[in-house]
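Student: This is the content of run15.cif (mmCIF, C-alpha atoms and all ligand atoms):
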data_model
#
loop_
_atom_site.label_atom_id
_atom_site.label_comp_id
_atom_site.auth_asym_id
_atom_site.auth_seq_id
_atom_site.Cartn_x
_atom_site.Cartn_y
_atom_site.Cartn_z
CA MET A 1 33.23 96.99 76.76
CA GLN A 2 33.98 98.54 80.12
CA LEU A 3 34.19 96.57 83.33
CA ILE A 4 32.16 97.92 86.24
CA ASN A 5 34.61 97.61 89.10
CA GLY A 6 32.46 96.61 92.08
CA LYS A 7 35.41 96.51 94.43
CA GLU A 8 36.29 100.12 93.66
CA VAL A 9 32.73 101.44 93.94
CA ALA A 10 32.24 99.40 97.13
CA LYS A 11 35.43 100.84 98.62
CA ALA A 12 34.26 104.41 97.96
CA THR A 13 31.00 103.64 99.80
CA ARG A 14 32.90 102.00 102.69
CA ASP A 15 35.26 104.98 102.99
CA LYS A 16 32.22 107.26 103.24
CA VAL A 17 30.60 105.01 105.89
CA LYS A 18 33.88 104.90 107.82
CA GLY A 19 34.08 108.71 107.93
CA ASP A 20 30.41 108.97 108.92
CA ILE A 21 30.94 106.46 111.76
CA THR A 22 33.72 108.69 113.16
CA GLU A 23 31.30 111.63 113.06
CA PHE A 24 28.54 109.53 114.62
CA PHE A 25 30.86 108.54 117.47
CA LYS A 26 31.84 112.17 118.13
CA GLU A 27 28.18 113.11 118.35
CA LYS A 28 26.65 110.12 120.15
CA GLY A 29 29.60 108.62 122.02
CA ARG A 30 28.92 105.13 120.70
CA ILE A 31 29.66 103.02 117.63
CA PRO A 32 26.86 101.61 115.41
CA CYS A 33 26.40 97.86 115.84
CA LEU A 34 25.21 95.12 113.49
CA ALA A 35 24.04 91.75 114.87
CA VAL A 36 24.24 88.79 112.49
CA ILE A 37 22.54 85.46 113.15
CA ILE A 38 23.49 82.35 111.17
CA VAL A 39 21.83 78.99 111.71
CA GLY A 40 23.45 75.79 110.45
CA SER A 41 26.62 75.14 108.54
CA ASP A 42 25.88 76.01 104.90
CA SER A 43 29.35 76.90 103.61
CA ALA A 44 28.23 79.69 101.23
CA SER A 45 26.27 81.33 104.08
CA GLN A 46 29.29 81.03 106.37
CA THR A 47 31.44 82.83 103.78
CA TYR A 48 28.86 85.60 103.34
CA VAL A 49 28.56 86.10 107.10
CA LYS A 50 32.33 86.11 107.55
CA ASN A 51 32.61 88.82 104.87
CA LYS A 52 29.85 90.87 106.53
CA ILE A 53 31.70 90.77 109.87
CA LEU A 54 34.99 91.66 108.13
CA GLY A 55 33.17 94.55 106.42
CA CYS A 56 32.12 95.85 109.83
CA GLU A 57 35.72 95.68 111.08
CA GLU A 58 36.95 97.49 107.97
CA VAL A 59 34.74 100.54 108.61
CA GLY A 60 35.07 100.50 112.41
CA MET A 61 31.54 99.26 113.05
CA LYS A 62 30.74 96.99 115.98
CA SER A 63 29.37 93.55 115.20
CA LEU A 64 27.81 90.72 117.16
CA SER A 65 27.66 87.30 115.63
CA TYR A 66 25.42 84.42 116.68
CA THR A 67 26.31 81.04 115.20
CA GLU A 68 23.52 78.59 116.03
CA SER A 69 23.29 74.88 115.39
CA GLU A 70 21.39 73.35 112.45
CA SER A 71 18.90 71.86 114.92
CA ALA A 72 18.10 75.16 116.71
CA THR A 73 14.38 75.65 117.41
CA ASN A 74 12.12 78.53 116.38
CA GLU A 75 11.84 79.44 120.05
CA HIS A 76 15.61 79.62 120.47
CA ILE A 77 16.15 81.87 117.43
CA ALA A 78 13.08 83.95 118.34
CA ALA A 79 14.54 84.57 121.81
CA ILE A 80 17.83 85.83 120.31
CA ILE A 81 16.04 88.17 117.89
CA THR A 82 13.67 89.48 120.59
CA LYS A 83 16.57 90.25 122.90
CA LEU A 84 18.45 92.11 120.14
CA ALA A 85 15.25 93.92 119.13
CA SER A 86 14.98 95.55 122.55
CA ASP A 87 18.72 96.23 122.96
CA ASN A 88 19.26 99.89 122.12
CA THR A 89 22.98 99.39 121.54
CA VAL A 90 22.11 97.16 118.54
CA ASP A 91 21.19 99.09 115.39
CA GLY A 92 20.77 96.37 112.78
CA ILE A 93 19.68 92.72 112.93
CA LEU A 94 20.42 90.37 110.04
CA VAL A 95 19.27 86.76 109.89
CA GLN A 96 21.30 85.04 107.20
CA LEU A 97 19.09 83.19 104.69
CA PRO A 98 18.30 80.49 103.83
CA LEU A 99 17.32 79.13 107.24
CA PRO A 100 17.09 75.37 107.81
CA LYS A 101 13.73 74.08 106.50
CA HIS A 102 12.20 73.33 109.91
CA LEU A 103 12.40 77.01 110.91
CA ASP A 104 9.62 79.50 110.17
CA GLU A 105 11.41 82.20 108.19
CA ARG A 106 8.44 84.54 107.89
CA TYR A 107 7.71 84.42 111.63
CA LEU A 108 11.34 84.89 112.66
CA LEU A 109 11.95 87.81 110.28
CA SER A 110 8.73 89.44 111.53
CA LEU A 111 10.37 89.75 114.97
CA ILE A 112 12.96 92.19 113.59
CA PRO A 113 11.65 95.76 114.11
CA ASP A 114 11.39 97.70 110.82
CA SER A 115 13.90 100.21 112.18
CA LYS A 116 16.53 97.44 112.62
CA ASP A 117 15.71 95.57 109.38
CA VAL A 118 19.00 96.43 107.64
CA ASP A 119 18.25 93.85 104.90
CA GLY A 120 15.14 95.81 103.90
CA PHE A 121 13.15 92.55 103.78
CA SER A 122 10.20 93.54 105.99
CA PRO A 123 6.75 94.09 104.44
CA ASN A 124 6.83 97.74 105.56
CA ASN A 125 10.26 98.40 104.11
CA LEU A 126 9.34 96.68 100.83
CA GLY A 127 6.04 98.57 100.76
CA LEU A 128 7.74 101.93 101.30
CA LEU A 129 10.06 101.14 98.39
CA ALA A 130 7.06 100.22 96.22
CA MET A 131 5.55 103.64 97.04
CA ASN A 132 8.81 105.40 96.11
CA THR A 133 9.30 106.65 99.69
CA PRO A 134 12.01 104.14 100.67
CA ARG A 135 13.47 103.76 104.14
CA THR A 136 15.75 100.71 104.14
CA ILE A 137 16.44 99.25 100.69
CA SER A 138 17.54 95.61 100.19
CA CYS A 139 21.31 95.58 99.98
CA THR A 140 21.85 93.73 96.71
CA PRO A 141 19.44 95.72 94.50
CA PHE A 142 20.55 98.93 96.24
CA GLY A 143 24.15 98.03 95.38
CA VAL A 144 23.18 97.37 91.75
CA MET A 145 21.72 100.90 91.54
CA GLU A 146 25.04 102.31 92.81
CA LEU A 147 26.92 100.31 90.18
CA LEU A 148 24.59 101.60 87.46
CA ALA A 149 25.11 105.16 88.75
CA SER A 150 28.88 104.65 88.52
CA THR A 151 28.59 104.24 84.73
CA GLY A 152 27.10 107.73 84.43
CA VAL A 153 24.43 106.35 82.08
CA ASP A 154 20.96 107.89 82.55
CA ILE A 155 18.45 105.18 83.51
CA ALA A 156 15.31 107.19 82.69
CA GLY A 157 13.47 105.77 79.69
CA LYS A 158 15.78 102.75 79.36
CA HIS A 159 14.29 99.28 79.04
CA ALA A 160 15.52 97.30 82.05
CA VAL A 161 14.95 93.54 82.02
CA ILE A 162 15.39 91.57 85.24
CA ILE A 163 15.64 87.79 85.17
CA GLY A 164 14.49 86.61 88.62
CA ARG A 165 11.54 87.63 90.78
CA SER A 166 12.68 86.91 94.33
CA ASN A 167 11.54 89.09 97.23
CA THR A 168 15.19 89.75 98.05
CA VAL A 169 16.50 90.77 94.60
CA GLY A 170 14.13 90.67 91.59
CA LYS A 171 11.13 92.47 93.07
CA PRO A 172 12.96 95.29 94.92
CA MET A 173 15.22 95.66 91.86
CA ALA A 174 12.14 96.19 89.68
CA MET A 175 10.79 98.82 92.07
CA LEU A 176 14.12 100.69 92.25
CA LEU A 177 14.44 100.78 88.46
CA LEU A 178 10.80 101.90 88.10
CA ASN A 179 11.44 104.63 90.67
CA ALA A 180 14.39 105.70 88.48
CA ASP A 181 12.01 105.99 85.49
CA ALA A 182 13.15 102.90 83.60
CA THR A 183 10.64 100.77 81.70
CA VAL A 184 10.86 97.48 83.56
CA THR A 185 10.20 93.89 82.55
CA VAL A 186 10.54 91.09 85.09
CA CYS A 187 11.19 87.61 83.68
CA HIS A 188 11.21 84.31 85.56
CA SER A 189 11.20 80.55 85.16
CA LYS A 190 7.76 80.52 83.49
CA THR A 191 8.52 83.33 81.03
CA VAL A 192 7.84 82.38 77.41
CA ASN A 193 10.34 83.56 74.75
CA LEU A 194 12.86 84.77 77.30
CA LYS A 195 15.54 85.45 74.69
CA GLN A 196 13.19 87.67 72.69
CA ILE A 197 12.62 89.82 75.78
CA THR A 198 16.21 89.95 77.07
CA SER A 199 17.43 90.90 73.57
CA GLN A 200 15.49 94.16 73.93
CA ALA A 201 17.12 95.13 77.22
CA ASP A 202 19.22 98.30 77.49
CA ILE A 203 19.94 97.17 81.05
CA LEU A 204 19.94 93.43 81.77
CA ILE A 205 20.01 92.18 85.36
CA ALA A 206 20.67 88.47 85.85
CA ALA A 207 19.53 87.11 89.23
CA ILE A 208 18.74 83.49 88.46
CA GLY A 209 21.29 81.40 90.32
CA ARG A 210 22.36 79.28 87.36
CA PRO A 211 25.93 79.43 86.04
CA ASN A 212 26.37 80.87 82.52
CA PHE A 213 22.59 81.09 81.99
CA VAL A 214 22.78 84.37 80.04
CA THR A 215 24.49 83.72 76.71
CA ALA A 216 25.61 86.26 74.10
CA ASP A 217 22.60 85.61 71.82
CA MET A 218 20.31 86.83 74.65
CA VAL A 219 22.00 90.23 74.91
CA LYS A 220 21.48 93.37 72.81
CA SER A 221 24.62 94.92 71.46
CA GLY A 222 25.71 97.81 73.73
CA ALA A 223 23.57 96.73 76.70
CA ILE A 224 24.62 97.19 80.33
CA VAL A 225 24.80 93.75 81.95
CA ILE A 226 24.69 93.28 85.73
CA ASP A 227 25.42 89.78 87.01
CA VAL A 228 23.93 89.16 90.47
CA GLY A 229 24.65 85.41 90.42
CA ILE A 230 27.18 83.78 92.70
CA ASN A 231 27.62 80.13 91.70
CA ARG A 232 30.32 77.64 92.47
CA VAL A 233 31.48 75.44 89.61
CA ASP A 234 34.31 73.02 90.40
CA GLY A 235 35.18 75.15 93.41
CA LYS A 236 35.41 78.32 91.30
CA LEU A 237 33.05 81.29 91.59
CA CYS A 238 31.08 82.30 88.52
CA GLY A 239 28.01 84.39 87.81
CA ASP A 240 24.79 83.80 85.87
CA VAL A 241 26.29 85.39 82.74
CA ASP A 242 28.64 83.78 80.22
CA PHE A 243 31.15 86.54 80.88
CA ALA A 244 33.66 85.75 78.11
CA ALA A 245 31.09 85.84 75.28
CA VAL A 246 28.74 88.52 76.66
CA SER A 247 31.56 90.96 77.46
CA GLU A 248 32.38 91.04 73.72
CA LYS A 249 28.94 92.44 73.00
CA CYS A 250 27.86 94.75 75.84
CA SER A 251 28.86 98.30 76.82
CA TYR A 252 29.35 97.62 80.54
CA ILE A 253 29.45 94.42 82.56
CA THR A 254 30.05 93.40 86.18
CA PRO A 255 32.52 90.57 86.84
CA VAL A 256 32.00 87.71 89.32
CA PRO A 257 33.68 87.91 91.76
CA GLY A 258 34.37 91.62 92.19
CA GLY A 259 31.08 93.03 90.89
CA VAL A 260 27.81 93.01 92.81
CA GLY A 261 29.11 90.99 95.81
CA PRO A 262 31.31 93.66 97.43
CA MET A 263 28.56 96.25 96.86
CA THR A 264 26.00 94.20 98.79
CA ILE A 265 28.14 94.35 101.92
CA SER A 266 28.85 98.07 101.50
CA MET A 267 25.13 98.79 101.30
CA LEU A 268 24.55 96.66 104.42
CA LEU A 269 27.08 98.78 106.33
CA SER A 270 25.48 101.94 104.98
CA ASN A 271 21.99 100.68 105.98
CA THR A 272 23.24 99.88 109.50
CA LEU A 273 24.71 103.35 109.92
CA MET A 274 21.44 104.84 108.70
CA ALA A 275 19.50 102.68 111.19
CA ALA A 276 21.79 103.95 113.98
CA LYS A 277 20.88 107.51 113.02
CA TYR A 278 17.11 106.87 113.32
CA GLU A 279 16.94 107.29 117.09
N1 LIG A 301 21.42 85.20 101.83
C1 LIG A 301 21.89 85.53 100.60
N2 LIG A 301 21.87 86.88 100.44
C2 LIG A 301 21.39 87.40 101.59
C3 LIG A 301 21.15 88.74 102.04
O1 LIG A 301 21.35 89.74 101.34
N3 LIG A 301 20.66 88.85 103.31
C4 LIG A 301 20.40 87.77 104.09
N4 LIG A 301 19.91 88.00 105.30
N5 LIG A 301 20.60 86.53 103.71
C5 LIG A 301 21.10 86.35 102.46
#
So that I can check it, write out the structure of this file as C-alpha cells.
Ligand code: GUN
Tutor:
Amino acid sequence: MQLINGKEVAKATRDKVKGDITEFFKEKGRIPCLAVIIVGSDSASQTYVKNKILGCEEVGMKSLSYTESESATNEHIAAIITKLASDNTVDGILVQLPLPKHLDERYLLSLIPDSKDVDGFSPNNLGLLAMNTPRTISCTPFGVMELLASTGVDIAGKHAVIIGRSNTVGKPMAMLLLNADATVTVCHSKTVNLKQITSQADILIAAIGRPNFVTADMVKSGAIVIDVGINRVDGKLCGDVDFAAVSEKCSYITPVPGGVGPMTISMLLSNTLMAAKYE
C-alpha cells in the first residue's frame, strides 16, 4: 500500500498558485481577493474557514472575512453578498455551508455571480462540468482528481464507485470521473447490496460522513481508496474509511487528516486565482 500524501500534493499546488499570484500582480497591479462569509458558530465550519484564510495568507492572496451571528437574517447576508458581487476588487465569494436552518441557502448562493463562484456550486458551473466544458470545479472533487493524478494511475476504463451523492461532492465527483473516461457508479443511503458494488471498485471514493463506514470486506484488493470524510470521534479526526484494515488491502489510500482536506483548500485558492484572471 502507498499513502497518497495530500499535504505534499497540496503544497505543490499552493507553490504554483503563489508564483502565479506574483505574476498576476506584476501584470495587473493588484492581488486576487477571496471573500469568505460564515454565519453562526459551528466549530467545524469555524476551523474550515480559519484554514481557508490561512491558505490565502500562505500564497499571498488577499482575503476578507465576514463572521455573522447565528440569528442573521436573509436580508443581512444578501446585502453582504450583493455588495461583494459588485466589488471588482473581490474575485471569489464563498459562503461557508451549512447555513443556519432559517436561512435560504439556494437564494443566497444564487446571489453569487457565476464568475465569482469559487466553490463551483452554481447551477451554471455544475452544468458546464456535466457537459465536460468546466469553468469552476467544486474544490473537494477537483482536489480528489489531483490526488488520483498524483498516483500516475490511468483512470480511463477503471470502475470508480462513489459513496455519497451530494451536490457538493458526490455528483461533481461522478461527472469529473466520467469526463476522465472512468465507468462510474454512484451509491447512496438507499443503495441495495452496497458491499457487492464497492467490492468491484478499482477506485473507491468515500463521501458519506460516517466514521469507519468503509470496512476491509467492502474493498477490492489493490483498489485506490480516497477518503473524503472528516469526522470527529472523541475529539480526534477520522475519515469514513477504516484506515487500519483497508490500508492492508488497497494499492493507494488517503489518510485523514492529511489527505483530501489540504487539497480542498489548494483548489479553492487555485479557483480564486482563475476567477481573478477572468476579467
Ligand atoms: N462546508 C463544507 N465544505 C464546504 C465547501 O467546500 N464549501 C463551502 N462553501 N462550505 C463547505
Student: So that I can check the surroundings of stretch 240-252 of chain A, please list as a PDB file with C-alpha atoms, keeping the file's coordinate frame every protein, DNA and RNA residue that reaches within 6 Å of it, counting only C-alpha atoms and ignoring chain neighbours fewer than 4 positions away.
Tutor:
ATOM      1  CA  MET A   1      33.230  96.990  76.760  1.00  0.00           C
ATOM      2  CA  GLN A   2      33.980  98.540  80.120  1.00  0.00           C
ATOM      3  CA  LEU A   3      34.190  96.570  83.330  1.00  0.00           C
ATOM      4  CA  ARG A 210      22.360  79.280  87.360  1.00  0.00           C
ATOM      5  CA  PRO A 211      25.930  79.430  86.040  1.00  0.00           C
ATOM      6  CA  ASN A 212      26.370  80.870  82.520  1.00  0.00           C
ATOM      7  CA  PHE A 213      22.590  81.090  81.990  1.00  0.00           C
ATOM      8  CA  VAL A 214      22.780  84.370  80.040  1.00  0.00           C
ATOM      9  CA  THR A 215      24.490  83.720  76.710  1.00  0.00           C
ATOM     10  CA  ALA A 216      25.610  86.260  74.100  1.00  0.00           C
ATOM     11  CA  SER A 221      24.620  94.920  71.460  1.00  0.00           C
ATOM     12  CA  GLY A 222      25.710  97.810  73.730  1.00  0.00           C
ATOM     13  CA  ALA A 223      23.570  96.730  76.700  1.00  0.00           C
ATOM     14  CA  ILE A 224      24.620  97.190  80.330  1.00  0.00           C
ATOM     15  CA  GLY A 229      24.650  85.410  90.420  1.00  0.00           C
TER      16      GLY A 229
END
Student: List as an mmCIF file with C-alpha atoms, in the frame of the given file the protein and nucleic acid residues lying within 9 Å of ligand LIG 301 (chain A), with all atoms listed in the file counted.
Tutor:
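This is the output file result-v4.cif:
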data_model
loop_
_atom_site.group_PDB
_atom_site.id
_atom_site.type_symbol
_atom_site.label_atom_id
_atom_site.label_comp_id
_atom_site.auth_asym_id
_atom_site.auth_seq_id
_atom_site.Cartn_x
_atom_site.Cartn_y
_atom_site.Cartn_z
ATOM 1 C CA VAL A 36 24.240 88.790 112.490
ATOM 2 C CA ILE A 37 22.540 85.460 113.150
ATOM 3 C CA ILE A 38 23.490 82.350 111.170
ATOM 4 C CA ALA A 44 28.230 79.690 101.230
ATOM 5 C CA SER A 45 26.270 81.330 104.080
ATOM 6 C CA TYR A 48 28.860 85.600 103.340
ATOM 7 C CA VAL A 49 28.560 86.100 107.100
ATOM 8 C CA ILE A 93 19.680 92.720 112.930
ATOM 9 C CA LEU A 94 20.420 90.370 110.040
ATOM 10 C CA VAL A 95 19.270 86.760 109.890
ATOM 11 C CA GLN A 96 21.300 85.040 107.200
ATOM 12 C CA LEU A 97 19.090 83.190 104.690
ATOM 13 C CA PRO A 98 18.300 80.490 103.830
ATOM 14 C CA LEU A 99 17.320 79.130 107.240
ATOM 15 C CA VAL A 118 19.000 96.430 107.640
ATOM 16 C CA ASP A 119 18.250 93.850 104.900
ATOM 17 C CA GLY A 120 15.140 95.810 103.900
ATOM 18 C CA PHE A 121 13.150 92.550 103.780
ATOM 19 C CA SER A 138 17.540 95.610 100.190
ATOM 20 C CA CYS A 139 21.310 95.580 99.980
ATOM 21 C CA THR A 140 21.850 93.730 96.710
ATOM 22 C CA THR A 168 15.190 89.750 98.050
ATOM 23 C CA VAL A 169 16.500 90.770 94.600
ATOM 24 C CA THR A 264 26.000 94.200 98.790
ATOM 25 C CA ILE A 265 28.140 94.350 101.920
ATOM 26 C CA LEU A 268 24.550 96.660 104.420
#
Student: Just checking: using only C-alpha atoms, which residue out of A:Thr191, A:Thr183, A:Ser166, A:Ser150 ends up closest to A:Val9?
Tutor: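 Using only C-alpha atoms, the shortest distance to A:Val9 belongs to A:Ser150.
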Student: Hey, which of A:Ser71, A:Asn124, A:Thr82, A:Asn193 ends up closest to A:Lys101? Count all atoms listed in the file.
Tutor: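 Selected residue with least distance to A:Lys101: A:Ser71.
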Student: Would you work out the distance separating atom CA of A:Ile205 from atom CA of A:Asn5, expressed in Å to one decimal?
Tutor: 16.0 Å
Student: What is the distance between atom CA of A:Ala149 and atom CA of A:Leu178, in Å to one decimal?
Tutor: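 The value is 14.7 Å.
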Student: Which value, in Å to one decimal, gives the distance between atom CA of A:Asp202 and atom CA of A:Ala156?
Tutor: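 Separating atom CA of A:Asp202 from atom CA of A:Ala156 is a distance of 11.0 Å.
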Student: Give the answer as one residue: which of A:Asn88, A:Thr73, A:Gln200, A:Asn132 has the shortest atom-to-atom distance to A:Cys33, using all atoms listed in the file?
Tutor: A:Asn88
Student: When you look at A:Asn167 with a cut-off of 9 Å (counting all atoms listed in the file), what residues show up, excluding the ones that are within fewer than 4 positions of it in the same chain? I need them as an NGL selection string.
Tutor: :A and (121 or 126 or 171-172)
Student: Give the answer as one residue: which of A:Pro262, A:Gly170, A:Gly164, A:Pro255 has the shortest atom-to-atom distance to A:Ile208, using only C-alpha atoms?
Tutor: A:Gly164
Student: Compare A:Leu273, A:Met263, A:Cys187, A:Val90 by their minimum atom-to-atom distance to A:Thr13, counting only C-alpha atoms, and give me the closest one.
Tutor: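 Using only C-alpha atoms, the shortest distance to A:Thr13 belongs to A:Met263.
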Student: For a quick check of understanding, using all atoms listed in the file, which of A:Pro141, A:Ser270, A:Thr133, A:His188 has the smallest distance to A:Asp15?
Tutor: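 Smallest distance to A:Asp15 is found for A:Ser270.
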Student: Tell me, as a ChimeraX atom specification, which residues lie within 7 Å of stretch 18-21 of chain A, counting only C-alpha atoms; anything in the same chain fewer than 4 positions away does not count.
Tutor: /A:14,25,31,59-60
